[in-house]
Amino acid sequence: MPIDVDLYLSKTLSAAPADLQPLFEKIRRLHSKKLWHQLTLAIFEFLDHPLSPPFQVDFFENFVREFEAKLNALKLVEIGVRISKQLTGPNTILEFLSSLRSRIDQSADPAAYILALASLAHAKLAFGDLVGTKTDIDECLKLLDNLEGAERIAKADYAPYYKNSLLYLACIDPDTDLEPQERLERAHDLAVSALLGDTIYNFGELLMHPILDALDGSPFSWIKDMLFTFNEGNIGKFESLSPRLPQEQATPPSYGRRYA
């Protein structure tokens with residue numbers, strides 16, 4: 001059944017707290033003018049509002065779904081993942097994320113599809129489905145490998161790669177499931193992603209992971225040193241190592257790069 005956006009917004013405005021009403025008015029105005037980019041920003045503003053959680057699921061199902069095809073696919077997935085945090089029960093959450101993934105065109109928006117699939121894998125891991133998690137993460141990594149060079153650089157995001165790779169490593173035994181060269185590549189790309197990801201603020205999980213030992217004695221041991229130096233707050237030593245980082249930034253992580 002078609003969504004009546006105007007009716008939904010009118011009802012929500014009358015029921016919303018006073019502090020949310022100006023934001024709903026702004027959202028209604030941007031939607032009526034079909035200003036999709038500005039509307040996307042307003043949606044994130046709504047999701048960030050401390051009074052919005054009780055309204056978020058209905059907002060998505062009765063408003064965003066009506067025009068979701070107009071939005072940037074990657075932003076749509078980010079919105080959907082935020083909304084999923086308000087749902088309860090494994091089946092409800094998994095069905096929501098599965099539906100979200102199914103509505104993303106893999107060929108047209110591979111980065112968005114990968115993010116949707118990785119978010120589904122994360123939920124499966126949280127609910128104890130290790131087999132399903134590994135299957136989805138394997139597919140994510142395969143899709144990342146298949147992205148072509150220019151598109152990789154434009155669309156690669158170090159933070160999602162970092163998160164997804166740690167999920168993947170939680171599902172395997174690196175010592176037995178990965179060859180030495182693969183461990184080195186994985187350790188390198190994880191370390192670089194940790195340093196370059198703009199939303200990664202804590203390296204604790206990576207610093208405790210034995211995968212970093214693969215960097216010992218390699219030409220990239222300095223990257224491991226840099227991680228621990230940053231974590232220790234040794235600014236002088238960190239700055240002495242940081243000029244070497246830009247050369248690692250040129251190639252996005254985990255795209256079949258070899259370290260001979």
# chains A, B, ... in the order shown; residues from 1 in each chain; ligands from 1
call {"tool": "residues_around", "arguments": {"residues": "region 14-17 of chain A", "least_positions_apart": "6", "cutoff": "12 Å", "atoms": "only C-alpha atoms", "output": "list in words"}}
result
Leu7, Tyr8, Leu23, Phe24, Glu25, His49, Pro50, Leu51, Ser52, Pro53, Pro54, Phe55, Gln56 and Phe59 of chain A
call {"tool": "select_by_dssp", "arguments": {"residues": "region 76-181 of chain A", "states": "alpha helix (DSSP H)", "output": "MDAnalysis selection string"}}
result
chainID A and resid 76:84 90:102 110:126 130:146 149:155 158:170 174:177 180:181
call {"tool": "residues_around", "arguments": {"residues": "His37 (chain A)", "least_positions_apart": "4", "cutoff": "10 Å", "atoms": "only C-alpha atoms", "output": "ChimeraX atom specification"}}
result
/A:30,41-43,70-72,75
call {"tool": "residues_around", "arguments": {"residues": "Ile172 (chain A)", "least_positions_apart": "4", "cutoff": "12 Å", "atoms": "only C-alpha atoms", "output": "PDB file with N, CA, C and O atoms, in the first residue's frame"}}
result
ATOM      1  N   LEU A 130      27.768 -17.964  13.819  1.00  0.00           N
ATOM      2  CA  LEU A 130      29.139 -17.825  13.328  1.00  0.00           C
ATOM      3  C   LEU A 130      29.274 -18.286  11.883  1.00  0.00           C
ATOM      4  O   LEU A 130      30.038 -17.695  11.106  1.00  0.00           O
ATOM      5  N   VAL A 131      28.542 -19.326  11.507  1.00  0.00           N
ATOM      6  CA  VAL A 131      28.607 -19.812  10.125  1.00  0.00           C
ATOM      7  C   VAL A 131      28.063 -18.757   9.171  1.00  0.00           C
ATOM      8  O   VAL A 131      28.679 -18.438   8.146  1.00  0.00           O
ATOM      9  N   THR A 133      27.832 -15.575   9.731  1.00  0.00           N
ATOM     10  CA  THR A 133      28.733 -14.426   9.767  1.00  0.00           C
ATOM     11  C   THR A 133      29.904 -14.626   8.807  1.00  0.00           C
ATOM     12  O   THR A 133      30.231 -13.748   8.003  1.00  0.00           O
ATOM     13  N   LYS A 134      30.542 -15.786   8.907  1.00  0.00           N
ATOM     14  CA  LYS A 134      31.711 -16.048   8.050  1.00  0.00           C
ATOM     15  C   LYS A 134      31.314 -16.066   6.577  1.00  0.00           C
ATOM     16  O   LYS A 134      32.044 -15.546   5.719  1.00  0.00           O
ATOM     17  N   THR A 135      30.145 -16.622   6.257  1.00  0.00           N
ATOM     18  CA  THR A 135      29.682 -16.652   4.866  1.00  0.00           C
ATOM     19  C   THR A 135      29.519 -15.235   4.322  1.00  0.00           C
ATOM     20  O   THR A 135      29.968 -14.923   3.213  1.00  0.00           O
ATOM     21  N   ILE A 137      30.855 -12.391   5.527  1.00  0.00           N
ATOM     22  CA  ILE A 137      32.121 -11.659   5.494  1.00  0.00           C
ATOM     23  C   ILE A 137      32.975 -12.139   4.322  1.00  0.00           C
ATOM     24  O   ILE A 137      33.632 -11.339   3.638  1.00  0.00           O
ATOM     25  N   ASP A 138      32.972 -13.435   4.049  1.00  0.00           N
ATOM     26  CA  ASP A 138      33.691 -13.952   2.880  1.00  0.00           C
ATOM     27  C   ASP A 138      33.168 -13.303   1.608  1.00  0.00           C
ATOM     28  O   ASP A 138      33.945 -12.935   0.715  1.00  0.00           O
ATOM     29  N   SER A 165      36.997  -6.608   8.929  1.00  0.00           N
ATOM     30  CA  SER A 165      38.124  -7.536   9.016  1.00  0.00           C
ATOM     31  C   SER A 165      38.271  -8.104  10.419  1.00  0.00           C
ATOM     32  O   SER A 165      38.600  -9.286  10.590  1.00  0.00           O
ATOM     33  N   LEU A 166      38.040  -7.284  11.428  1.00  0.00           N
ATOM     34  CA  LEU A 166      38.082  -7.808  12.795  1.00  0.00           C
ATOM     35  C   LEU A 166      36.976  -8.835  13.009  1.00  0.00           C
ATOM     36  O   LEU A 166      37.181  -9.847  13.697  1.00  0.00           O
ATOM     37  N   LEU A 167      35.808  -8.602  12.419  1.00  0.00           N
ATOM     38  CA  LEU A 167      34.728  -9.582  12.486  1.00  0.00           C
ATOM     39  C   LEU A 167      35.150 -10.891  11.830  1.00  0.00           C
ATOM     40  O   LEU A 167      34.918 -11.983  12.359  1.00  0.00           O
ATOM     41  N   TYR A 168      35.773 -10.763  10.668  1.00  0.00           N
ATOM     42  CA  TYR A 168      36.220 -11.945   9.936  1.00  0.00           C
ATOM     43  C   TYR A 168      37.234 -12.739  10.757  1.00  0.00           C
ATOM     44  O   TYR A 168      37.137 -13.978  10.872  1.00  0.00           O
ATOM     45  N   THR A 176      45.902 -21.075  11.412  1.00  0.00           N
ATOM     46  CA  THR A 176      45.659 -22.277  10.604  1.00  0.00           C
ATOM     47  C   THR A 176      44.879 -21.988   9.328  1.00  0.00           C
ATOM     48  O   THR A 176      45.008 -22.724   8.350  1.00  0.00           O
ATOM     49  N   ASP A 177      44.067 -20.925   9.332  1.00  0.00           N
ATOM     50  CA  ASP A 177      43.208 -20.646   8.173  1.00  0.00           C
ATOM     51  C   ASP A 177      43.828 -19.675   7.175  1.00  0.00           C
ATOM     52  O   ASP A 177      43.314 -19.527   6.059  1.00  0.00           O
ATOM     53  N   LEU A 178      44.893 -18.991   7.565  1.00  0.00           N
ATOM     54  CA  LEU A 178      45.540 -18.046   6.668  1.00  0.00           C
ATOM     55  C   LEU A 178      46.992 -18.443   6.449  1.00  0.00           C
ATOM     56  O   LEU A 178      47.687 -18.861   7.380  1.00  0.00           O
ATOM     57  N   ARG A 183      48.422 -13.507   6.288  1.00  0.00           N
ATOM     58  CA  ARG A 183      48.449 -12.884   7.612  1.00  0.00           C
ATOM     59  C   ARG A 183      49.153 -11.536   7.557  1.00  0.00           C
ATOM     60  O   ARG A 183      48.727 -10.566   8.185  1.00  0.00           O
ATOM     61  N   ILE A 211      47.239 -11.149  15.194  1.00  0.00           N
ATOM     62  CA  ILE A 211      47.491 -10.933  13.763  1.00  0.00           C
ATOM     63  C   ILE A 211      48.600  -9.915  13.548  1.00  0.00           C
ATOM     64  O   ILE A 211      49.353  -9.984  12.572  1.00  0.00           O
TER      65      ILE A 211
END
call {"tool": "closest_residue", "arguments": {"among": "A:Met226, A:Ala159, A:Ala111, A:Leu47", "to": "Arg82 (chain A)", "atoms": "only C-alpha atoms"}}
result
A:Leu47
call {"tool": "closest_residue", "arguments": {"among": "A:Ala126, A:Leu184, A:Leu207, A:Ala194", "to": "Pro219 (chain A)", "atoms": "only C-alpha atoms"}}
result
A:Leu184
call {"tool": "closest_residue", "arguments": {"among": "A:Ala191, A:Leu9, A:Ile79, A:Val64", "to": "Lys26 (chain A)", "atoms": "only C-alpha atoms"}}
result
A:Leu9
call {"tool": "closest_residue", "arguments": {"among": "A:Glu95, A:Glu232, A:Asp136, A:Asp58", "to": "Lys11 (chain A)", "atoms": "only C-alpha atoms"}}
result
A:Asp58
call {"tool": "residues_around", "arguments": {"residues": "Val57 (chain A)", "least_positions_apart": "3", "cutoff": "7 Å", "atoms": "only C-alpha atoms", "output": "PyMOL selection string"}}
result
chain A and resi 60-61+83+86
call {"tool": "write_last_selection", "arguments": {"atoms": "N, CA and C atoms", "output": "compact mmCIF listing (two decimals), in the first residue's frame"}}
result
# COMPACT_ATOMS: atom_id res chain seq x y z
N PHE A 60 11.24 5.68 9.64
CA PHE A 60 11.85 5.00 8.50
C PHE A 60 10.81 4.28 7.66
N GLU A 61 9.95 3.51 8.31
CA GLU A 61 8.98 2.69 7.58
C GLU A 61 7.89 3.51 6.91
N ILE A 83 18.68 2.71 12.24
CA ILE A 83 17.32 2.37 12.62
C ILE A 83 17.27 0.98 13.25
N GLN A 86 17.19 0.31 16.98
CA GLN A 86 15.98 0.54 17.76
C GLN A 86 15.05 -0.67 17.76
call {"tool": "residues_around", "arguments": {"residues": "Phe220 (chain A)", "least_positions_apart": "4", "cutoff": "10 Å", "atoms": "only C-alpha atoms", "output": "PDB file with C-alpha atoms, in the first residue's frame"}}
result
ATOM      1  CA  LEU A 184      50.977 -10.221   6.648  1.00  0.00           C
ATOM      2  CA  ALA A 187      47.852  -7.234   9.461  1.00  0.00           C
ATOM      3  CA  HIS A 188      49.179  -4.474   7.208  1.00  0.00           C
ATOM      4  CA  ALA A 191      46.932  -1.394  10.858  1.00  0.00           C
ATOM      5  CA  ALA A 214      52.773 -10.978  11.332  1.00  0.00           C
ATOM      6  CA  LEU A 215      54.310  -7.505  10.922  1.00  0.00           C
ATOM      7  CA  ASP A 216      57.299  -8.356  13.138  1.00  0.00           C
ATOM      8  CA  LYS A 224      52.880  -1.770  14.304  1.00  0.00           C
ATOM      9  CA  ASP A 225      55.283   0.497  16.211  1.00  0.00           C
ATOM     10  CA  GLU A 248      50.643   3.490   2.488  1.00  0.00           C
ATOM     11  CA  TYR A 259      53.956  -7.735  -0.240  1.00  0.00           C
TER      12      TYR A 259
END
